[in-house]
Every structure is written in structure tokens, then in C-alpha cells.
Amino acid sequence: MSFYRNNIASNMRRTKSIQNKLNEDEKTVHHHVTKRRKRRCKKSKSINDLMDLKELCKEVDRIAILERREPDMATDKRRTVKKRSRSGNASRSLLDISAIHIPDQDRKILNSMRRKREERQYGEDLAHRVNVFWEQMREEEKRLTNEQKQKWQDFITAKRNVENGVKHLRLDELRLAFENNQRQLEEHMIQKDIKVNELKQQIGDRKLFENALKQDTEFRKQKIASDNNLYEQMNTLHHKKRLHDINLLKQKKVDEIRNKKLQISQERIMSSNRMEELRHAVQLERIQARHDDTIRRKFDECQAKERKAFQNHLDKMSTRMRELANKSLQREQHMGQVHRVARELEDGMQRWQDRIMLMQYEQLRRAKENAALYTDNKKLRAEIENKRRILEHSAKIQRVKEAERERLCNIKKEIEEEEKKIRRIKQKKDLEIQMGRKLALSTAELRKEIRRSTELDLFTQR
């Protein structure tokens with residue numbers, strides 16, 4: 001539409017320039033003629049402009065007719081026109097009659113003939129100028145149409161180049177982001193393996209320390225018990241010897257007392273041994289419970305970390321799939337690579353889980369199997385969800401392609417219609433130009449015939 005508007009504006013400018021030049025010619029030729037009101041050219045289509053040009057041509061013809069009828073007062077001031085005779089003799093012109101005595105009737109006839117010749121010359125010049133203007137207008141219009149087409153083609157090529165560059169940049173950004181994410185995942189997995197190995201080493205060191213501490217405590221307890229027994233025995237022997245040295249007569253009483261003391265000491269030792277055994281058993285139970293709690297807590301922490309890592313992995317995979325599904329049409333080419341990476345990550349996670357499960361105790365095997373089944377179900381669900389999303393993405397891409405194809409078809413149809421309109425308008429313009437030229441030629445021929453007939457009549461009357 002802007003192309004048509006530019007053409008219309010250029011045509012309007014040309015018509016205005018032609019009208020101004022015609023008005024200037026009228027001013028130079030007819031000083032006594034009243035000024036006509038300038039005709040304002042409204043903004044219209046090219047066909048209306050051509051109609052205005054036709055009206056201008058008619059107005060020119062009307063002015064020429066008025067010039068014939070009105071007396072020309074300024075002809076005496078102009079330079080006289082000389083005409084050579086056909087015989088070749090250098091005689092005076094028929095129109096230069098200032099020095100010859102001629103009757104008034106003949107003078108009027110000669111003046112009218114001179115005026116008609118000037119009018120004919122003026123009409124021919126005017127027709128020539130109009131034809132030149134028509135040719136210039138046509139060439140200018142062709143040049144403008146070619147320039148507009150070239151600008152439009154350059155704009156389309158530049159736009160396509162820019163779009164291709166933007167698409168290539170987006171693809172490069174996606175490729176770099178995918179490589180960075182893959183590298184970060186690999187580094188994260190390596191760090192996780194390092195942390196797991198460190199935790200395993202810490203658990204092993206702690207177990208060794210606890211076993212050594214337990215053995216040390218048991219050895220100390222046994223040593224204390226043996227020392228107590230030896231001390232009690234030494235005390236009893238010393239007491240027996242002293243009693244035997246003091247009073248041999250009281251041997252029976254001493255024996256009884258000794259027996260009683262032995263019984264008491266034995267009971268005391270047995271009670272102390274029993275208390276130590278109970279304390280030792282309680283401590284063993286506490287240590288065992290603490291050990292079981294620590295093992296259970298560590299296992300729960302490992303399971304929680306494993307679930308969290310797997311959940312994070314699933315979240316990252318889901319977000320990555322959504323992002324890749326919304327980017328571009330080349331997503332289908334990278335799907336195989338993404339699935340392969342996802343399977344490798346899942347296999348790595350499975351191997352990591354298997355290594356962790358092998359290092360646990362036998363009593364937690366059932367819980368690990370349940371956890372493995374749960375993770376397998378989660379993986380299957382995630383794969384099913386990914387496949388569903390891939391199918392939805394392919395369907396959406398197909399719909400977008402169809403819509404784009406329909407839009408391109410509509411644009412092509414509109415362009416063809418516009419081109420047809422342009423061709424029709426050009427044909428109309430050419431026809432109108434041809435009609436104007438034919439009219440100009442016919443009017444010029446009629447004028448020539450009229451002039452010839454009038455000249456013949458004048459010569460015959462003379």
C-alpha cells in the first residue's frame with residue numbers, strides 16, 4: 001500500500017508542476033486575460049490523476065480557441081517573422097507589410113494569417129511539451145517502481161539474513177548451555193562419589209575406633225577385677241597370718257571367722273562381679289543401640305540424600321526437557337543424544353545405588369529392595385512422561401508448521417493480487433496515455449486542416 005501511495009503522491013506532484021507551467025505560459029502569452037482560480041488537486045488514485053490531466057489538456061485547447069477569437073494587442077511589439085519564397089529569391093516576407101501600402105481588408109487578412117501561424121506554432125510547442133512531460137512521467141514512474149521493488153527485495157533479504165543469524169546464535173547458546181549443564185552434572189556426580197567414599201571411610205574409621213575402644217574397656221575391666229581379687233586375697237592371707245601368730249588357741253574361732261570372712265568376701269566378689277557384668281551388659285546394650293542408631297541414621301541420611309539427588313535429577317531432567325521442547329525445530333535432532341545422556345545418568349545412578357546397597361547390612365536388604373523398586377517405578381513414570389511430552393511437542397510443531405504454511409500461502413495470494421492490481425492500473429494508464437496522444441494528434445491534424453482551408457480561402461478571396 002505504501003508503494004501505491006508513493007506513486008499517487010508522485011503523480012500528484014507531476015500534475016501540479018504541469019499545471020503551474022501551463023499557468024506561467026498563459027501569463028506570458030495573455031497579459032490581459034483574467035487569472036483563473038487554481039485547481040486544487042485532491043489526493044486520489046492514479047486514474048483520477050489521469051482524468052485531471054485530460055481536463056488540463058481540454059483547458060489548453062479551450063485557451064487556444066479563446067486566443068483565436070480575442071484580438072492580439074501585443075503582436076506589434078514582437079519581432080517580425082521572415083519567410084523565404086519557394087523560388088529562392090531573397091524577397092520580403094508576406095507578413096512584413098509595414099513599408100507597403102495595403103488596404104485595410106488585406107492588412108486584416110495578413111494579420112489574421114500571422115496570428116494563426118503563431119497560434120499553430122504555440123499549439124505545436126505546447127503539444128510537444130505535454131508529450132515530453134508524459135514521457136518523463138512514465139519514465140519516472142517506471143524508475144520509482146523499480147526502486148521500490150529493489151528496496152523491498154533488499155529489505156526481505158536483509159530480514160532473512162538477520163533471522164538466520166538470530167537462529168544460529170540461539171542454537172549456539174542452546175548448545176553451550178546443554179554442554180555446560182552436562183559438564184556440571186558430571187562434576188556433581190564426581191563430587192557425590194567423592195563424598196560417598198569419604199563417608200564410607202569415616203564410617204570404617206569410626207567402626208575401628210569403636211571396636212578398639214570396646215576392647216580397651218573390656219581389658220581394663222578385667223584387669224580391675226583381677227586386681228581386686230588379688231588385693232582381697234592378700235588381705236585375707238595377711239589377716240590369717242596375724243591371727244595365727246597372735247593366738248593359736250583361738251584357731252577354731254579364727255577358722256570360723258575366717259570362713260565367715262571368706263564367705264562374705266566371696267559374696268562381695270560375686271556381687272561386685274555380678275554388678276560389673278550387669279554394668280558391662282548395660283553398656284554393651286547402650287553401645288549396640290547407639291551403634292544401631294548411628295547405622296540407621298546414616299542409612300536414613302543416605303536414603304534421603306539418594307532420594308533428594310534422584311528427585312533433583314528428575315526435576316532437572318523435566319525442566320531441561322521443557323526448555324528444549326519450547327526452543328526450536330532442531331530439537332528433534334538432539335533428542336537421541338539427550339535420551340542417551342539421560343540413560344547414562346540413570347545407569348550411573350543405578351550403579352551408585354547398587355554400590356551403596358552392597359555396603360549395608362544384611363538386615364536392611366528388604367528396605368533397599370523396596371527403595372530400588374520405588375526408584376524403578378519413578379524412572380518408568382519419568383520416561384513415560386518424557387515420551388508423552390515429546391509426542392505433544394511434535395504435534396505442536398506440526399501445527400505451527402501448518403499455520404506458517406497457510407500464512408505464507410495467504411501472503412503469496414495477497415502479493416499476486418497486488419501485482420495484478422498494479423498490472424491493471426499500468427494497463428489503464430498506458431491506454432489513457434495512448435488515448436491522450438491520439439486525441440492530441442487528431443486535434444493537431446484538425447487544426448492543420450482548418451488552417452490550410454482558411455489559408456486557401458483567404459488566398460482565393462484575394
# chains A, B, ... in the order shown; residues from 1 in each chain; ligands from 1

$ residues_around --residues "range 382-398 of chain A" --least-positions-apart "2" --cutoff "8 Å" --atoms "only C-alpha atoms" --output "count of residues only"
11

$ residues_around --residues "range 261-271 of chain A" --least-positions-apart "2" --cutoff "9 Å" --atoms "only C-alpha atoms" --output "ChimeraX atom specification"
/A:225,228-229,232,236,256-259,273-276

$ write_last_selection --atoms "N, CA and C atoms" --output "CSV table (one decimal), in the first residue's frame"
chain,number,residue,atom,x,y,z
A,225,ALA,N,39.1,-56.1,87.8
A,225,ALA,CA,38.6,-57.3,88.6
A,225,ALA,C,39.6,-58.2,89.1
A,228,ASN,N,41.4,-56.5,92.0
A,228,ASN,CA,40.5,-56.5,93.3
A,228,ASN,C,40.6,-57.9,93.9
A,229,ASN,N,40.6,-58.9,93.1
A,229,ASN,CA,40.7,-60.2,93.7
A,229,ASN,C,42.0,-60.5,94.4
A,232,GLU,N,42.1,-58.5,97.7
A,232,GLU,CA,41.3,-59.2,98.7
A,232,GLU,C,42.0,-60.5,99.2
A,236,THR,N,43.4,-61.1,103.1
A,236,THR,CA,42.9,-62.3,103.9
A,236,THR,C,44.1,-63.1,104.4
A,256,GLU,N,36.5,-70.1,112.1
A,256,GLU,CA,35.1,-69.7,111.9
A,256,GLU,C,35.0,-68.3,111.3
A,257,ILE,N,35.8,-67.4,112.0
A,257,ILE,CA,35.7,-66.0,111.5
A,257,ILE,C,36.3,-66.0,110.1
A,258,ARG,N,37.3,-66.8,109.9
A,258,ARG,CA,37.9,-66.8,108.5
A,258,ARG,C,36.9,-67.3,107.5
A,259,ASN,N,36.2,-68.4,107.9
A,259,ASN,CA,35.2,-68.9,107.0
A,259,ASN,C,34.1,-67.9,106.7
A,273,ASN,N,31.2,-58.8,91.0
A,273,ASN,CA,31.3,-59.3,89.6
A,273,ASN,C,30.0,-59.3,88.9
A,274,ARG,N,28.9,-59.6,89.7
A,274,ARG,CA,27.6,-59.5,89.1
A,274,ARG,C,27.3,-58.1,88.6
A,275,MET,N,27.6,-57.1,89.5
A,275,MET,CA,27.3,-55.7,89.2
A,275,MET,C,28.1,-55.3,88.0
A,276,GLU,N,29.4,-55.7,87.9
A,276,GLU,CA,30.2,-55.4,86.8
A,276,GLU,C,29.7,-56.0,85.5

$ residues_around --residues "range 183-186 of chain A" --least-positions-apart "4" --cutoff "12 Å" --atoms "only C-alpha atoms" --output "ChimeraX atom specification"
/A:176-179,190-193,309,312-313,316-317,341-342,344-345,348-349

$ decode --residues "range 225-275 of chain A" --atoms "N, CA and C atoms" --output "CSV table (one decimal), in the first residue's frame"
chain,number,residue,atom,x,y,z
A,225,ALA,N,39.1,-56.1,87.8
A,225,ALA,CA,38.6,-57.3,88.6
A,225,ALA,C,39.6,-58.2,89.1
A,226,SER,N,40.7,-58.5,88.3
A,226,SER,CA,41.7,-59.3,88.8
A,226,SER,C,42.5,-58.6,89.9
A,227,ASP,N,42.8,-57.3,89.8
A,227,ASP,CA,43.5,-56.6,90.8
A,227,ASP,C,42.7,-56.6,92.1
A,228,ASN,N,41.4,-56.5,92.0
A,228,ASN,CA,40.5,-56.5,93.3
A,228,ASN,C,40.6,-57.9,93.9
A,229,ASN,N,40.6,-58.9,93.1
A,229,ASN,CA,40.7,-60.2,93.7
A,229,ASN,C,42.0,-60.5,94.4
A,230,LEU,N,43.1,-60.1,93.7
A,230,LEU,CA,44.4,-60.2,94.3
A,230,LEU,C,44.5,-59.4,95.6
A,231,TYR,N,44.0,-58.2,95.6
A,231,TYR,CA,44.0,-57.4,96.8
A,231,TYR,C,43.3,-58.0,98.0
A,232,GLU,N,42.1,-58.5,97.7
A,232,GLU,CA,41.3,-59.2,98.7
A,232,GLU,C,42.0,-60.5,99.2
A,233,GLN,N,42.6,-61.2,98.3
A,233,GLN,CA,43.3,-62.4,98.8
A,233,GLN,C,44.5,-62.1,99.6
A,234,MET,N,45.3,-61.1,99.2
A,234,MET,CA,46.4,-60.7,100.0
A,234,MET,C,46.0,-60.2,101.4
A,235,ASN,N,44.9,-59.5,101.5
A,235,ASN,CA,44.4,-59.0,102.8
A,235,ASN,C,44.0,-60.2,103.7
A,236,THR,N,43.4,-61.1,103.1
A,236,THR,CA,42.9,-62.3,103.9
A,236,THR,C,44.1,-63.1,104.4
A,237,LEU,N,45.1,-63.3,103.5
A,237,LEU,CA,46.3,-64.0,103.9
A,237,LEU,C,47.1,-63.3,105.1
A,238,HIS,N,47.2,-62.0,104.9
A,238,HIS,CA,47.8,-61.2,106.0
A,238,HIS,C,47.1,-61.3,107.3
A,239,HIS,N,45.8,-61.2,107.2
A,239,HIS,CA,45.0,-61.3,108.4
A,239,HIS,C,45.1,-62.7,109.1
A,240,LYS,N,45.1,-63.7,108.2
A,240,LYS,CA,45.2,-65.1,108.7
A,240,LYS,C,46.5,-65.3,109.4
A,241,LYS,N,47.6,-64.8,108.8
A,241,LYS,CA,48.9,-64.9,109.4
A,241,LYS,C,49.0,-64.2,110.8
A,242,ARG,N,48.5,-63.0,110.8
A,242,ARG,CA,48.5,-62.3,112.1
A,242,ARG,C,47.7,-63.0,113.2
A,243,LEU,N,46.5,-63.5,112.8
A,243,LEU,CA,45.7,-64.2,113.8
A,243,LEU,C,46.4,-65.5,114.2
A,244,HIS,N,47.0,-66.1,113.3
A,244,HIS,CA,47.7,-67.4,113.6
A,244,HIS,C,48.9,-67.1,114.6
A,245,ASP,N,49.6,-66.0,114.4
A,245,ASP,CA,50.7,-65.6,115.2
A,245,ASP,C,50.3,-65.1,116.6
A,246,ILE,N,49.1,-64.4,116.7
A,246,ILE,CA,48.7,-63.9,118.0
A,246,ILE,C,48.1,-65.0,118.9
A,247,ASN,N,47.2,-65.7,118.3
A,247,ASN,CA,46.6,-66.7,119.2
A,247,ASN,C,46.3,-68.0,118.4
A,248,LEU,N,47.2,-69.0,118.8
A,248,LEU,CA,46.9,-70.3,118.2
A,248,LEU,C,45.8,-71.0,118.9
A,249,LEU,N,45.5,-70.5,120.1
A,249,LEU,CA,44.4,-71.2,120.8
A,249,LEU,C,43.1,-70.9,120.2
A,250,LYS,N,43.0,-69.8,119.7
A,250,LYS,CA,41.7,-69.4,119.1
A,250,LYS,C,41.6,-69.7,117.7
A,251,GLN,N,42.1,-70.9,117.3
A,251,GLN,CA,42.1,-71.3,115.9
A,251,GLN,C,40.7,-71.6,115.4
A,252,LYS,N,39.9,-72.2,116.3
A,252,LYS,CA,38.6,-72.5,115.8
A,252,LYS,C,37.8,-71.3,115.5
A,253,LYS,N,38.0,-70.3,116.5
A,253,LYS,CA,37.2,-69.1,116.3
A,253,LYS,C,37.7,-68.4,115.0
A,254,VAL,N,39.1,-68.4,114.9
A,254,VAL,CA,39.7,-67.8,113.8
A,254,VAL,C,39.2,-68.4,112.5
A,255,ASP,N,39.1,-69.8,112.6
A,255,ASP,CA,38.7,-70.5,111.4
A,255,ASP,C,37.3,-70.2,111.1
A,256,GLU,N,36.5,-70.1,112.1
A,256,GLU,CA,35.1,-69.7,111.9
A,256,GLU,C,35.0,-68.3,111.3
A,257,ILE,N,35.8,-67.4,112.0
A,257,ILE,CA,35.7,-66.0,111.5
A,257,ILE,C,36.3,-66.0,110.1
A,258,ARG,N,37.3,-66.8,109.9
A,258,ARG,CA,37.9,-66.8,108.5
A,258,ARG,C,36.9,-67.3,107.5
A,259,ASN,N,36.2,-68.4,107.9
A,259,ASN,CA,35.2,-68.9,107.0
A,259,ASN,C,34.1,-67.9,106.7
A,260,LYS,N,33.7,-67.2,107.8
A,260,LYS,CA,32.7,-66.2,107.6
A,260,LYS,C,33.2,-65.1,106.6
A,261,LYS,N,34.5,-64.7,106.9
A,261,LYS,CA,35.0,-63.6,106.1
A,261,LYS,C,35.2,-64.1,104.7
A,262,LEU,N,35.6,-65.3,104.5
A,262,LEU,CA,35.7,-65.9,103.2
A,262,LEU,C,34.4,-65.9,102.4
A,263,GLN,N,33.4,-66.3,103.2
A,263,GLN,CA,32.1,-66.3,102.6
A,263,GLN,C,31.6,-64.9,102.2
A,264,ILE,N,31.9,-64.0,103.2
A,264,ILE,CA,31.5,-62.6,102.9
A,264,ILE,C,32.3,-62.0,101.7
A,265,SER,N,33.6,-62.3,101.7
A,265,SER,CA,34.4,-61.8,100.6
A,265,SER,C,34.0,-62.4,99.3
A,266,GLN,N,33.6,-63.7,99.4
A,266,GLN,CA,33.2,-64.4,98.1
A,266,GLN,C,31.9,-63.8,97.7
A,267,GLU,N,31.0,-63.6,98.7
A,267,GLU,CA,29.7,-62.9,98.3
A,267,GLU,C,29.9,-61.5,97.7
A,268,ARG,N,30.8,-60.8,98.4
A,268,ARG,CA,31.1,-59.5,97.9
A,268,ARG,C,31.7,-59.5,96.5
A,269,ILE,N,32.6,-60.4,96.3
A,269,ILE,CA,33.3,-60.5,95.0
A,269,ILE,C,32.2,-60.9,94.0
A,270,MET,N,31.4,-61.9,94.3
A,270,MET,CA,30.4,-62.3,93.4
A,270,MET,C,29.4,-61.2,93.1
A,271,SER,N,29.0,-60.5,94.2
A,271,SER,CA,28.1,-59.3,93.9
A,271,SER,C,28.8,-58.3,93.0
A,272,SER,N,30.1,-58.0,93.4
A,272,SER,CA,30.8,-57.0,92.5
A,272,SER,C,30.9,-57.5,91.1
A,273,ASN,N,31.2,-58.8,91.0
A,273,ASN,CA,31.3,-59.3,89.6
A,273,ASN,C,30.0,-59.3,88.9
A,274,ARG,N,28.9,-59.6,89.7
A,274,ARG,CA,27.6,-59.5,89.1
A,274,ARG,C,27.3,-58.1,88.6
A,275,MET,N,27.6,-57.1,89.5
A,275,MET,CA,27.3,-55.7,89.2
A,275,MET,C,28.1,-55.3,88.0
